[in-house]
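**Student:** Just so it is clear, I am handing over entry.cif, which has mmCIF, C-alpha atoms.
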```
data_entry
loop_
_atom_site.label_atom_id
_atom_site.label_comp_id
_atom_site.auth_asym_id
_atom_site.auth_seq_id
_atom_site.Cartn_x
_atom_site.Cartn_y
_atom_site.Cartn_z
CA GLY K 219 -9.13 6.19 -5.45
CA ALA K 220 -5.87 4.32 -4.96
CA GLU K 221 -6.95 1.49 -7.24
CA ALA K 222 -7.78 3.88 -10.11
CA TYR K 223 -4.40 5.58 -9.71
CA MET K 224 -2.60 2.24 -9.72
CA LEU K 225 -4.39 0.87 -12.78
CA ASP K 226 -3.83 4.05 -14.80
CA LEU K 227 -0.18 4.09 -13.77
CA VAL K 228 0.16 0.53 -15.02
CA GLU K 229 -1.26 1.55 -18.39
CA LEU K 230 1.03 4.59 -18.54
CA LEU K 231 4.10 2.44 -17.86
CA LYS K 232 3.05 -0.01 -20.57
CA VAL K 233 2.66 2.84 -23.05
CA HIS K 234 6.25 3.83 -22.30
CA GLY K 235 7.53 0.34 -23.00
CA HIS K 236 7.76 -1.20 -19.54
CA GLU K 237 6.64 -4.72 -18.80
CA VAL K 238 4.26 -4.73 -15.84
CA MET K 239 2.77 -7.47 -13.70
CA LEU K 240 -0.10 -6.91 -11.27
CA TRP K 241 -0.06 -8.99 -8.11
CA GLY K 242 -2.43 -9.14 -5.17
CA PRO K 243 -3.78 -11.38 -2.40
CA GLU K 244 -5.32 -14.72 -3.21
CA GLU K 245 -8.50 -13.73 -1.38
CA ALA K 246 -9.90 -10.58 0.19
CA LEU K 247 -10.46 -11.18 3.90
CA ASN K 248 -13.29 -9.43 5.74
CA PHE K 249 -11.64 -8.02 8.85
CA ASP K 250 -14.85 -6.33 9.99
CA ARG K 251 -16.87 -9.55 10.23
CA ARG K 252 -16.61 -11.73 13.34
CA GLU K 253 -16.30 -15.38 12.30
CA GLY K 254 -15.43 -17.10 15.54
CA ILE K 255 -12.36 -16.86 17.73
CA ILE K 256 -10.19 -19.28 15.71
CA ALA K 257 -11.00 -17.69 12.33
CA ASP K 258 -10.59 -14.19 13.75
CA LEU K 259 -7.21 -15.05 15.27
CA LYS K 260 -6.09 -16.45 11.91
CA LYS K 261 -7.08 -13.21 10.20
CA PHE K 262 -5.23 -11.23 12.87
CA GLY K 263 -2.12 -13.37 12.33
CA HIS K 264 -2.45 -12.83 8.57
CA MET K 265 -2.32 -9.05 8.91
CA ILE K 266 0.69 -9.26 11.22
CA TRP K 267 2.80 -11.54 9.01
CA SER K 268 1.35 -13.69 6.26
CA ARG K 269 3.64 -16.59 5.38
CA LYS K 270 1.11 -17.66 2.78
CA GLU K 271 1.32 -14.35 0.88
CA ALA K 272 5.11 -14.27 1.26
CA LYS K 273 5.35 -17.71 -0.36
CA ARG K 274 3.01 -16.70 -3.21
CA PHE K 275 4.96 -13.48 -3.68
CA GLU K 276 8.28 -15.31 -3.90
CA THR K 277 6.84 -17.56 -6.61
CA ALA K 278 5.72 -14.47 -8.56
CA LEU K 279 9.17 -12.88 -8.25
CA ARG K 280 10.91 -16.00 -9.53
CA GLN K 281 8.58 -16.14 -12.52
CA PHE K 282 8.56 -12.46 -13.45
CA LYS K 283 12.04 -11.38 -12.26
CA PRO K 284 11.22 -7.66 -11.85
CA ASP K 285 13.77 -4.87 -11.61
CA ILE K 286 11.64 -2.89 -9.17
CA ILE K 287 8.55 -3.44 -7.03
CA HIS K 288 5.93 -0.75 -6.47
CA ILE K 289 3.50 -1.33 -3.61
CA HIS K 290 0.21 0.23 -2.50
CA ASN K 291 -1.62 -0.39 0.79
CA ILE K 292 -0.23 -3.81 1.62
CA TYR K 293 -0.95 -3.48 5.36
CA HIS K 294 -3.62 -6.11 6.11
CA HIS K 295 -4.70 -8.12 3.09
CA ILE K 296 -1.11 -8.84 2.05
CA SER K 297 0.97 -7.89 5.11
CA PRO K 298 4.59 -6.63 5.07
CA SER K 299 5.90 -10.21 5.03
CA ILE K 300 6.48 -9.74 1.30
CA LEU K 301 9.00 -6.96 1.96
CA ALA K 302 11.45 -9.41 3.49
CA VAL K 303 11.12 -11.53 0.34
CA ALA K 304 11.93 -8.53 -1.88
CA THR K 305 14.97 -7.68 0.23
CA ARG K 306 16.19 -11.27 0.07
CA HIS K 307 15.99 -11.11 -3.71
CA LYS K 308 17.74 -7.70 -3.65
CA ILE K 309 14.91 -5.98 -5.54
CA PRO K 310 14.28 -2.34 -4.52
CA VAL K 311 10.79 -1.47 -3.30
CA VAL K 312 8.96 1.83 -3.86
CA MET K 313 5.79 2.57 -1.91
CA THR K 314 3.10 5.07 -2.85
CA VAL K 315 1.70 6.35 0.45
CA HIS K 316 -2.07 6.79 0.36
CA ASP K 317 -2.66 7.39 4.10
CA TYR K 318 -0.92 7.89 7.47
CA HIS K 319 -0.75 4.30 8.69
CA LEU K 320 3.05 4.30 8.57
CA ILE K 321 3.09 6.76 11.48
CA ASN K 322 -0.17 6.00 13.29
CA PRO K 323 -2.65 3.12 13.75
CA ASN K 324 -5.36 5.51 12.55
CA TYR K 325 -5.02 5.69 8.77
CA ILE K 326 -6.66 9.11 8.37
CA LEU K 327 -5.69 10.78 11.66
CA TYR K 328 -9.34 11.69 12.13
CA ASP K 329 -11.98 10.28 14.45
CA HIS K 330 -15.16 11.29 16.25
CA GLY K 331 -15.38 14.51 14.24
CA GLU K 332 -11.89 15.76 15.08
CA ILE K 333 -8.20 15.24 14.34
CA CYS K 334 -6.96 12.17 16.20
CA GLU K 335 -3.30 11.23 16.52
CA ARG K 336 -3.63 9.03 19.61
CA GLN K 337 -1.54 5.89 19.85
CA GLY K 338 -1.32 2.87 22.13
CA LEU K 339 -3.70 2.58 25.06
CA ARG K 340 -5.03 6.09 24.50
CA ALA K 341 -6.17 5.13 21.01
CA ILE K 342 -7.78 1.93 22.29
CA ALA K 343 -9.59 3.74 25.10
CA HIS K 344 -10.90 6.32 22.63
CA ARG K 345 -11.86 3.68 20.02
CA CYS K 346 -10.11 5.72 17.37
CA ILE K 347 -10.64 3.25 14.52
CA LYS K 348 -14.21 2.62 13.30
CA ASN K 349 -15.42 3.52 16.81
CA SER K 350 -14.60 -0.10 17.67
CA PHE K 351 -12.66 -1.43 20.64
CA MET K 352 -11.73 -4.63 18.78
CA ALA K 353 -10.72 -2.93 15.52
CA THR K 354 -8.66 -0.31 17.37
CA THR K 355 -6.93 -2.92 19.54
CA ALA K 356 -6.04 -5.05 16.52
CA ASP K 357 -4.68 -2.08 14.55
CA VAL K 358 -2.70 -0.74 17.51
CA ILE K 359 -1.04 -4.13 18.08
CA GLU K 360 -0.35 -4.61 14.37
CA TRP K 361 1.06 -1.10 13.95
CA SER K 362 3.18 -1.31 17.12
CA LEU K 363 4.71 -4.66 16.15
CA HIS K 364 5.59 -3.51 12.65
CA LYS K 365 7.07 -0.29 14.02
CA TRP K 366 9.17 -2.24 16.53
CA MET K 367 10.33 -4.59 13.74
CA ARG K 368 11.11 -1.59 11.49
CA VAL K 369 9.79 -3.72 8.69
CA TYR K 370 8.92 -0.79 6.42
CA GLU K 371 11.96 1.34 7.27
CA ASN K 372 14.40 -1.50 6.59
CA ASN K 373 12.88 -2.78 3.36
CA ILE K 374 11.58 0.19 1.36
CA ALA K 375 13.94 2.28 -0.78
CA ARG K 376 11.62 5.22 -1.52
CA TYR K 377 8.23 6.52 -0.40
CA LEU K 378 6.15 8.53 -2.88
CA VAL K 379 3.71 11.06 -1.41
CA PRO K 380 1.35 13.49 -3.19
CA THR K 381 2.10 16.70 -1.23
CA GLU K 382 4.68 18.44 0.94
CA PHE K 383 2.10 18.38 3.75
CA VAL K 384 1.98 14.58 3.73
CA LYS K 385 5.78 14.43 3.67
CA GLY K 386 5.91 16.82 6.61
CA LYS K 387 3.49 14.68 8.64
CA LEU K 388 5.50 11.53 7.93
CA VAL K 389 8.75 13.22 8.96
CA GLU K 390 7.02 14.61 12.05
CA GLY K 391 6.00 11.03 12.82
CA GLY K 392 9.63 9.89 12.76
CA MET K 393 10.22 8.81 9.17
CA ASN K 394 13.41 9.59 7.24
CA GLY K 395 12.67 12.57 5.00
CA GLY K 396 15.57 11.65 2.72
CA LYS K 397 13.64 8.60 1.54
CA ILE K 398 10.40 10.49 0.83
CA GLU K 399 9.77 11.99 -2.61
CA VAL K 400 6.87 14.33 -3.37
CA VAL K 401 5.17 13.25 -6.60
CA PRO K 402 1.89 15.17 -7.10
CA LEU K 403 -1.01 13.05 -8.30
CA PRO K 404 -2.19 14.32 -11.70
CA ILE K 405 -5.94 14.78 -12.07
CA ILE K 406 -6.73 14.86 -15.76
CA PRO K 407 -10.35 14.61 -16.89
CA PRO K 408 -11.08 12.50 -19.96
CA PRO K 409 -10.87 14.59 -23.16
CA PRO K 410 -14.13 15.68 -24.83
CA GLU K 411 -15.37 13.75 -27.83
CA SER K 412 -14.20 16.53 -30.18
CA SER K 413 -10.69 16.67 -28.73
CA PRO K 414 -7.77 15.43 -30.89
CA ILE K 415 -6.48 13.71 -27.74
CA LYS K 416 -9.48 11.40 -27.83
CA GLY K 417 -8.03 9.49 -30.73
CA GLU K 418 -4.72 9.06 -28.94
CA GLU K 419 -6.50 7.80 -25.84
CA GLN K 420 -8.20 5.14 -27.94
CA LYS K 421 -4.73 4.03 -29.08
CA GLY K 422 -3.77 3.34 -25.48
CA LEU K 423 -2.65 6.72 -24.13
CA SER K 424 -5.06 6.89 -21.23
CA PRO K 425 -4.97 9.82 -18.76
CA PRO K 426 -2.65 9.18 -15.78
CA LEU K 427 -5.47 9.30 -13.24
CA MET K 428 -9.21 8.83 -13.36
CA GLY K 429 -11.50 9.02 -10.34
CA GLY K 430 -13.47 6.08 -8.97
CA GLY K 431 -13.05 2.34 -8.90
CA ARG K 432 -12.76 0.09 -11.93
CA GLY K 433 -13.75 -3.46 -12.63
CA GLY K 434 -14.42 -4.38 -9.00
CA TRP K 435 -10.92 -3.52 -7.80
CA HIS K 436 -10.62 -2.04 -4.33
CA ALA K 437 -7.65 -0.25 -2.79
CA ALA K 438 -7.51 -2.74 0.10
CA ASP K 439 -7.32 -5.75 -2.22
CA TYR K 440 -5.25 -5.93 -5.40
CA ILE K 441 -2.70 -3.29 -4.62
CA LEU K 442 0.78 -4.30 -5.64
CA PHE K 443 2.55 -4.42 -8.95
CA ALA K 444 6.04 -5.19 -10.13
CA VAL K 445 7.77 -3.36 -12.96
CA LYS K 446 10.41 -4.82 -15.23
CA ARG K 447 13.11 -2.86 -17.06
CA LEU K 448 12.42 0.41 -15.29
CA ALA K 449 15.53 2.44 -14.43
CA ILE K 450 15.40 4.33 -11.13
CA SER K 451 18.52 5.91 -9.69
CA ASN K 452 19.64 5.86 -6.06
CA THR K 453 17.15 3.26 -4.87
CA ARG K 454 19.51 0.76 -3.30
#
```
As structure tokens, how would this structure be written, given the file I've shared?
**Tutor:**
Amino acid sequence: GAEAYMLDLVELLKVHGHEVMLWGPEEALNFDRREGIIADLKKFGHMIWSRKEAKRFETALRQFKPDIIHIHNIYHHISPSILAVATRHKIPVVMTVHDYHLINPNYILYDHGEICERQGLRAIAHRCIKNSFMATTADVIEWSLHKWMRVYENNIARYLVPTEFVKGKLVEGGMNGGKIEVVPLPIIPPPPESSPIKGEEQKGLSPPLMGGGRGGWHAADYILFAVKRLAISNTR
């Protein structure tokens, strides 16, 4: 999953001498649970633009002073409010794209047993997200507002995608192909006990990607990290 990829990438960067800081939301909100109109409206406002997370993020930037920020799935639990903070501090942002939410309210473009690329009222009428009128309405409003604000387009230097197909879908959805880089996700199984690589892994050279979650991390929760002293060209 996304969290396994992120954690292994962190370890790989550390092995190569980079200083890395993990950062995520203070708490994981449950957007699927109804908790009363006031609490639900607060959660909805959080996913649109969280001033709380933006303030926490700014504190982290001042303390760590990263050269680059690498984000994963910040949509709801963090919100794109942090992107404006990064831009204000003139720190380039790279985003690994794990789904299609940048071009559609429906993250996986699939619903009710078929491909679904509906947007707006058509998506709401069809209940394209979790077969829920409320969930679809909330995601359509959130996605539409962020698209209108161009919050991702204006604040992200590069998008990393795993395949040419994903890049093609993003470009088809209106994104700038010049800012999208295809970086295939390596899938390397752990070496057998008899392998000479096993000893190296125990010294800290873990495989770049391992399947499954680790230590209670979930892709929707702790999903952003900042990297210090990492040189990347043409990101500004």
**Student:** Any chance you could work out the residue set of the PyMOL selection byres ((chain K and resi 328) around 12) here, as a list in words?
**Tutor:**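 With the PyMOL selection byres ((chain K and resi 328) around 12) on this model, the match is Asp317, Tyr318, His319, Asn322, Pro323, Asn324, Tyr325, Ile326, Leu327, Asp329, His330, Gly331, Glu332, Ile333, Cys334, Glu335, Arg336, Ala341, His344, Arg345, Cys346, Ile347, Lys348 and Asn349 of chain K.
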**Student:** As an exercise, work out the distance from CA of Val228 in chain K to CA of Ile296 in chain K in Å and give it to one decimal place.
**Tutor:**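 Interatomic distance here is 19.5 Å.
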**Student:** Apply the PyMOL selection byres ((chain K and resi 365) around 12) to the displayed file and report the matching residues as a PDB file with C-alpha atoms, in the frame of the given file.
**Tutor:**
```pdb
ATOM      1  CA  ILE K 266       0.690  -9.260  11.220  1.00  0.00           C
ATOM      2  CA  PRO K 298       4.590  -6.630   5.070  1.00  0.00           C
ATOM      3  CA  HIS K 319      -0.750   4.300   8.690  1.00  0.00           C
ATOM      4  CA  LEU K 320       3.050   4.300   8.570  1.00  0.00           C
ATOM      5  CA  ILE K 321       3.090   6.760  11.480  1.00  0.00           C
ATOM      6  CA  ASN K 322      -0.170   6.000  13.290  1.00  0.00           C
ATOM      7  CA  PRO K 323      -2.650   3.120  13.750  1.00  0.00           C
ATOM      8  CA  ASP K 357      -4.680  -2.080  14.550  1.00  0.00           C
ATOM      9  CA  VAL K 358      -2.700  -0.740  17.510  1.00  0.00           C
ATOM     10  CA  ILE K 359      -1.040  -4.130  18.080  1.00  0.00           C
ATOM     11  CA  GLU K 360      -0.350  -4.610  14.370  1.00  0.00           C
ATOM     12  CA  TRP K 361       1.060  -1.100  13.950  1.00  0.00           C
ATOM     13  CA  SER K 362       3.180  -1.310  17.120  1.00  0.00           C
ATOM     14  CA  LEU K 363       4.710  -4.660  16.150  1.00  0.00           C
ATOM     15  CA  HIS K 364       5.590  -3.510  12.650  1.00  0.00           C
ATOM     16  CA  TRP K 366       9.170  -2.240  16.530  1.00  0.00           C
ATOM     17  CA  MET K 367      10.330  -4.590  13.740  1.00  0.00           C
ATOM     18  CA  ARG K 368      11.110  -1.590  11.490  1.00  0.00           C
ATOM     19  CA  VAL K 369       9.790  -3.720   8.690  1.00  0.00           C
ATOM     20  CA  TYR K 370       8.920  -0.790   6.420  1.00  0.00           C
ATOM     21  CA  GLU K 371      11.960   1.340   7.270  1.00  0.00           C
ATOM     22  CA  ASN K 372      14.400  -1.500   6.590  1.00  0.00           C
ATOM     23  CA  GLY K 391       6.000  11.030  12.820  1.00  0.00           C
ATOM     24  CA  GLY K 392       9.630   9.890  12.760  1.00  0.00           C
ATOM     25  CA  MET K 393      10.220   8.810   9.170  1.00  0.00           C
TER      26      MET K 393
END
```
**Student:** Applying 12 Å and all atoms listed in the file, which residues near Arg251 in chain K remain after dropping the ones on its own chain fewer than 3 positions away? List them as JSON, numbers by chain.
**Tutor:** {"K": [247, 248, 254, 255, 257, 258, 261, 352, 353]}
**Student:** Please, which residues are within 12 Å of (17.0, 10.0, 5.2) by the file's coordinates, counting all atoms listed in the file, and could they come as a PyMOL selection string?
**Tutor:** chain K and resi 371-372+374-377+388-389+392-399
**Student:** Provide the CA of Val315 in chain K to CA of Ser297 in chain K distance in Å, to one decimal place.
**Tutor:**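 CA of Ser297 in chain K lies 15.0 Å from CA of Val315 in chain K.
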**Student:** For CA of Ile256 in chain K and CA of Ser299 in chain K, determine how far apart the two atoms are, in Å to one decimal place.
**Tutor:**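 If I compute the distance from CA of Ile256 in chain K to CA of Ser299 in chain K, I get 21.3 Å.
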**Student:** So which residues touch Phe249 in chain K within 10 Å, counting only C-alpha atoms, skipping near sequence neighbours fewer than 3 positions away, as a list in words?
**Tutor:** Ala246, Arg252, Glu253, Asp258, Lys261, Phe262, Met265, His294, His295, Ala353 and Ala356 of chain K
**Student:** For this structure, which residues satisfy the selection - the PyMOL selection byres ((chain K and resi 309) around 8) - when it is evaluated on the file as given? I want them as a PyMOL selection string.
**Tutor:** chain K and resi 284-287+304-308+310-311
**Student:** When you count all atoms listed in the file, which of these residues is closest to Met313 in chain K: K:Lys260, K:Gln281, K:Asn373, K:Gln337?
**Tutor:** K:Asn373
**Student:** With all atoms listed in the file as the atoms that count, which of K:Trp267, K:Lys273, K:Ile300, K:Ala278 lies nearest to Leu240 in chain K?
**Tutor:**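 Closest to Leu240 in chain K, using all atoms listed in the file: K:Ala278.
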**Student:** For each of K:Leu403, K:Trp241, K:Ala272, K:Gly263, take the minimum atom-to-atom distance to Asp226 in chain K, counting all atoms listed in the file, then give the residue where this is smallest.
**Tutor:**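 Closest to Asp226 in chain K of all the choices is K:Leu403.
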